[in-house]
There are 2 protein chains.
Amino acid sequence: MSVHLVGAGPGDPGLLTRRGAELLELADVVIHDRLVDPRVLALVNPRAELVDVGKRPGATPSSAQADLHELLVTYGLRGGVVVRLQGGDPLLFGRGGEELDALFAAGIEAEVVPGVSSALGVPASLGMPLTHRGLASAVTIVSGHDVDAGSVDWSKLSDDHVTLVVLMGVAQRRAIRLALVGAGRSPVTPCAVIERGTTPSQRIVHTTLGALDRVDVDPPAVLVIGEVARARGGIGATRPLTTRPVAAAI
Amino acid sequence: MSVHLVGAGPGDPGLLTRRGAELLELADVVIHDRLVDPRVLALVNPRAELVDVGKRPGATPSSAQADLHELLVTYGLRGGVVVRLQGGDPLLFGRGGEELDALFAAGIEAEVVPGVSSALGVPASLGMPLTHRGLASAVTIVSGHDVDAGSVDWSKLSDDHVTLVVLMGVAQRRAIRLALVGAGRSPVTPCAVIERGTTPSQRIVHTTLGALDRVDVDPPAVLVIGEVARARGGIGATRPLTTRPVAAAI
């Protein structure tokens, strides 16, 4: 009995891993949430049962997570090839650690297949290097949900040489701006907001930290804060990267 | 004329992306460094020219990078499908941003195919979640090369709720320990050093920040510093994750 936790990557089905694709071909059951790109779901073999774990009306985040654990354990005990598929990487802000705990507690083995995280893969696909000599030497990835929770000390996220990537931060833009400017980060710090990165409806908005909550953007989006956010298609380039059609042969 | 910058992932060829694999099948030339796993290089079609850009004797990092740019531009101008393949992700500590600049300056277009970064993918493949409710809400990725360079303020990397992942840090373990303990991070903070992650010779050493430079480890390795580094196969689990044979069909 085993369950495979597979990262689907940021959206473009070309960014799914080979091992992830192999498991979607072999799967008897694929348990996925609504953030997985439909082009990745299309790679699941037609014999497999697809289970959408979208929240039930009235479910809280905790009860939804408990329901998911029950589902994983039920299918895991039943046997066959069970894949838990989620966007990005399963163990970065994915609560995959809690899913592993639930599986192990039930005596079910697990394999984790890492995925390309949106945090790194979306900027990279645009030619936006998160580290770049002279501009940024490190990167911090944080969830916008935490700006209010107080679990992270945002005053320590104020080093100009550390690029900040915020996932799930669109709704929290005002709080993010206040926390970072309050911690000493300059309001003219470049920011990029990338909506639906690596999908056909991708949209990039360049702004500054001071204006972050005045731009019109929608989730899901990746926020990049720091000097590298100016870049698109290389730091020195002013024109966009070649964007290839997603289905292109080359 | 175009060049494709492809991330090879951490080692296991199953963690190469589908788009990366497609380009290795179509490539006329693959320009790679010595950190790319031989099992990934084995996926290159046999008609392609393989160019190893290992440093020439006596080359400095800057002259080696300049040589590489010249090589990329020469092949890029010649035409055909030119792939620049590097371990992990091409734009995270990979100097890929500088390579893009060199290509654009020569009028050559580029595509970036993100890869699974060792920083995230190696811990994930072990079931070690870098963020986990109650333990860590964010992750910072930094290069060990920077602990001496002074480009990053390590005193800001002392938040116990932020997992720290250090790449290229084995040789700098003493300086890393001194910087972090000096900044207030406890010497009993759990650490994991993962040598050659996702390869058949992978080895994991669990230690503490205070003892980090007393354990015997060799590069290349990923250092994980923070409460989550205790975990292997889920936070609550005491036994290792199922490790699958790399060539397994399932």
# chains A, B, ... in the order shown; residues from 1 in each chain; ligands from 1
$ closest_atom_pairs --of "stretch 51-157 of chain A" --to "stretch 134-139 of chain B" --cutoff "9 Å" --atoms "only C-alpha atoms" --output "tab-separated table"
residue	atom	partner	partner_atom	distance
A:Leu92	CA	B:Ala138	CA	8.9
A:Phe93	CA	B:Ser137	CA	8.0
A:Val139	CA	B:Val139	CA	8.3
A:Thr140	CA	B:Val139	CA	5.6
A:Ile141	CA	B:Val139	CA	5.4
A:Val142	CA	B:Ala138	CA	4.6
A:Ser143	CA	B:Ala138	CA	7.0
A:Asp146	CA	B:Ser137	CA	7.2
A:Ser151	CA	B:Ser137	CA	6.7
A:Val152	CA	B:Ser137	CA	6.5
$ write_last_selection --atoms "N, CA and C atoms" --output "compact mmCIF listing (two decimals), in the first residue's frame"
# COMPACT_ATOMS: atom_id res chain seq x y z
N LEU A 92 5.89 22.41 -0.29
CA LEU A 92 6.13 23.82 -0.02
C LEU A 92 4.78 24.52 0.04
N PHE A 93 4.36 24.90 1.21
CA PHE A 93 3.04 25.51 1.45
C PHE A 93 1.92 24.59 0.98
N VAL A 139 17.18 34.19 -1.71
CA VAL A 139 15.75 34.36 -1.96
C VAL A 139 14.97 33.78 -0.78
N THR A 140 13.94 34.52 -0.35
CA THR A 140 13.04 34.02 0.69
C THR A 140 11.66 33.83 0.08
N ILE A 141 11.07 32.66 0.35
CA ILE A 141 9.73 32.35 -0.13
C ILE A 141 8.80 32.32 1.06
N VAL A 142 7.73 33.10 0.98
CA VAL A 142 6.83 33.24 2.12
C VAL A 142 5.39 33.24 1.60
N SER A 143 4.46 32.86 2.46
CA SER A 143 3.06 32.88 2.08
C SER A 143 2.40 34.17 2.54
N ASP A 146 0.68 34.55 5.90
CA ASP A 146 1.40 34.70 7.16
C ASP A 146 1.64 36.15 7.56
N SER A 151 3.48 34.73 12.32
CA SER A 151 4.38 33.60 12.53
C SER A 151 5.76 33.88 11.94
N VAL A 152 5.84 34.84 11.03
CA VAL A 152 7.14 35.21 10.45
C VAL A 152 7.42 36.66 10.84
$ residues_around --residues "A:Pro10" --least-positions-apart "5" --cutoff "7 Å" --atoms "only C-alpha atoms" --output "list in words"
Gly87, Gly88, Val116, Ser117, Ser118, Gly121, Val122, Gly197 and Thr198 of chain A
$ write_last_selection --atoms "all heavy atoms" --output "PDB file, in the first residue's frame"
ATOM      1  N   GLY A  87      -0.700  21.380  -7.286  1.00  0.00           N
ATOM      2  CA  GLY A  87       0.057  22.384  -8.027  1.00  0.00           C
ATOM      3  C   GLY A  87       1.407  22.646  -7.382  1.00  0.00           C
ATOM      4  O   GLY A  87       1.567  22.502  -6.167  1.00  0.00           O
ATOM      5  N   GLY A  88       2.400  23.024  -8.202  1.00  0.00           N
ATOM      6  CA  GLY A  88       3.715  23.380  -7.670  1.00  0.00           C
ATOM      7  C   GLY A  88       4.419  22.168  -7.089  1.00  0.00           C
ATOM      8  O   GLY A  88       4.471  21.108  -7.702  1.00  0.00           O
ATOM      9  N   VAL A 116       8.231  21.422  -9.866  1.00  0.00           N
ATOM     10  CA  VAL A 116       8.762  22.775 -10.022  1.00  0.00           C
ATOM     11  C   VAL A 116       7.830  23.713  -9.258  1.00  0.00           C
ATOM     12  O   VAL A 116       6.646  23.818  -9.580  1.00  0.00           O
ATOM     13  CB  VAL A 116       8.823  23.179 -11.507  1.00  0.00           C
ATOM     14  CG1 VAL A 116       9.186  24.654 -11.648  1.00  0.00           C
ATOM     15  CG2 VAL A 116       9.826  22.308 -12.263  1.00  0.00           C
ATOM     16  N   SER A 117       8.346  24.359  -8.222  1.00  0.00           N
ATOM     17  CA  SER A 117       7.512  25.289  -7.451  1.00  0.00           C
ATOM     18  C   SER A 117       7.214  26.537  -8.273  1.00  0.00           C
ATOM     19  O   SER A 117       8.090  27.058  -8.961  1.00  0.00           O
ATOM     20  CB  SER A 117       8.238  25.687  -6.173  1.00  0.00           C
ATOM     21  OG  SER A 117       7.569  26.777  -5.560  1.00  0.00           O
ATOM     22  N   SER A 118       5.995  27.036  -8.175  1.00  0.00           N
ATOM     23  CA  SER A 118       5.664  28.303  -8.839  1.00  0.00           C
ATOM     24  C   SER A 118       6.586  29.422  -8.380  1.00  0.00           C
ATOM     25  O   SER A 118       6.915  30.325  -9.143  1.00  0.00           O
ATOM     26  CB  SER A 118       4.228  28.714  -8.525  1.00  0.00           C
ATOM     27  OG  SER A 118       3.334  27.721  -8.949  1.00  0.00           O
ATOM     28  N   GLY A 121       9.774  28.620 -10.424  1.00  0.00           N
ATOM     29  CA  GLY A 121       9.588  28.291 -11.839  1.00  0.00           C
ATOM     30  C   GLY A 121       8.917  29.386 -12.641  1.00  0.00           C
ATOM     31  O   GLY A 121       9.242  29.577 -13.822  1.00  0.00           O
ATOM     32  N   VAL A 122       7.979  30.091 -12.025  1.00  0.00           N
ATOM     33  CA  VAL A 122       7.286  31.151 -12.775  1.00  0.00           C
ATOM     34  C   VAL A 122       8.242  32.291 -13.119  1.00  0.00           C
ATOM     35  O   VAL A 122       8.365  32.662 -14.292  1.00  0.00           O
ATOM     36  CB  VAL A 122       6.016  31.616 -12.020  1.00  0.00           C
ATOM     37  CG1 VAL A 122       5.500  32.938 -12.559  1.00  0.00           C
ATOM     38  CG2 VAL A 122       4.943  30.531 -12.098  1.00  0.00           C
ATOM     39  N   GLY A 197       1.018  32.251 -13.995  1.00  0.00           N
ATOM     40  CA  GLY A 197       2.304  32.041 -14.668  1.00  0.00           C
ATOM     41  C   GLY A 197       2.379  30.707 -15.391  1.00  0.00           C
ATOM     42  O   GLY A 197       1.862  29.703 -14.909  1.00  0.00           O
ATOM     43  N   THR A 198       3.002  30.711 -16.548  1.00  0.00           N
ATOM     44  CA  THR A 198       3.219  29.555 -17.447  1.00  0.00           C
ATOM     45  C   THR A 198       1.920  28.998 -18.017  1.00  0.00           C
ATOM     46  O   THR A 198       1.901  27.884 -18.528  1.00  0.00           O
ATOM     47  CB  THR A 198       4.035  28.390 -16.791  1.00  0.00           C
ATOM     48  OG1 THR A 198       3.182  27.561 -16.009  1.00  0.00           O
ATOM     49  CG2 THR A 198       5.217  28.892 -15.963  1.00  0.00           C
TER      50      THR A 198
END
$ closest_residue --among "B:Asp37, B:Glu227, B:Asp218, B:Asp148" --to "B:Arg185" --atoms "only C-alpha atoms"
B:Glu227
$ select_by_dssp --residues "stretch 118-185 of chain A" --states "helix (DSSP H, G or I)" --output "ChimeraX atom specification"
/A:118-125,146-149,154-157,170-182
$ atom_distance --atom1 "atom CA of A:Leu77" --atom2 "atom CA of B:Pro129"
23.5 Å
$ closest_residue --among "B:Pro123, B:Gly150, B:Gly115, B:Gly97" --to "B:Ile204" --atoms "only C-alpha atoms"
B:Pro123
$ residues_around --residues "B:Glu22" --least-positions-apart "3" --cutoff "12 Å" --atoms "only C-alpha atoms" --output "PyMOL selection string"
(chain A and resi 14-15+17-18+247-250) or (chain B and resi 4+6+16-19+25-27+43-45+81+83+113)
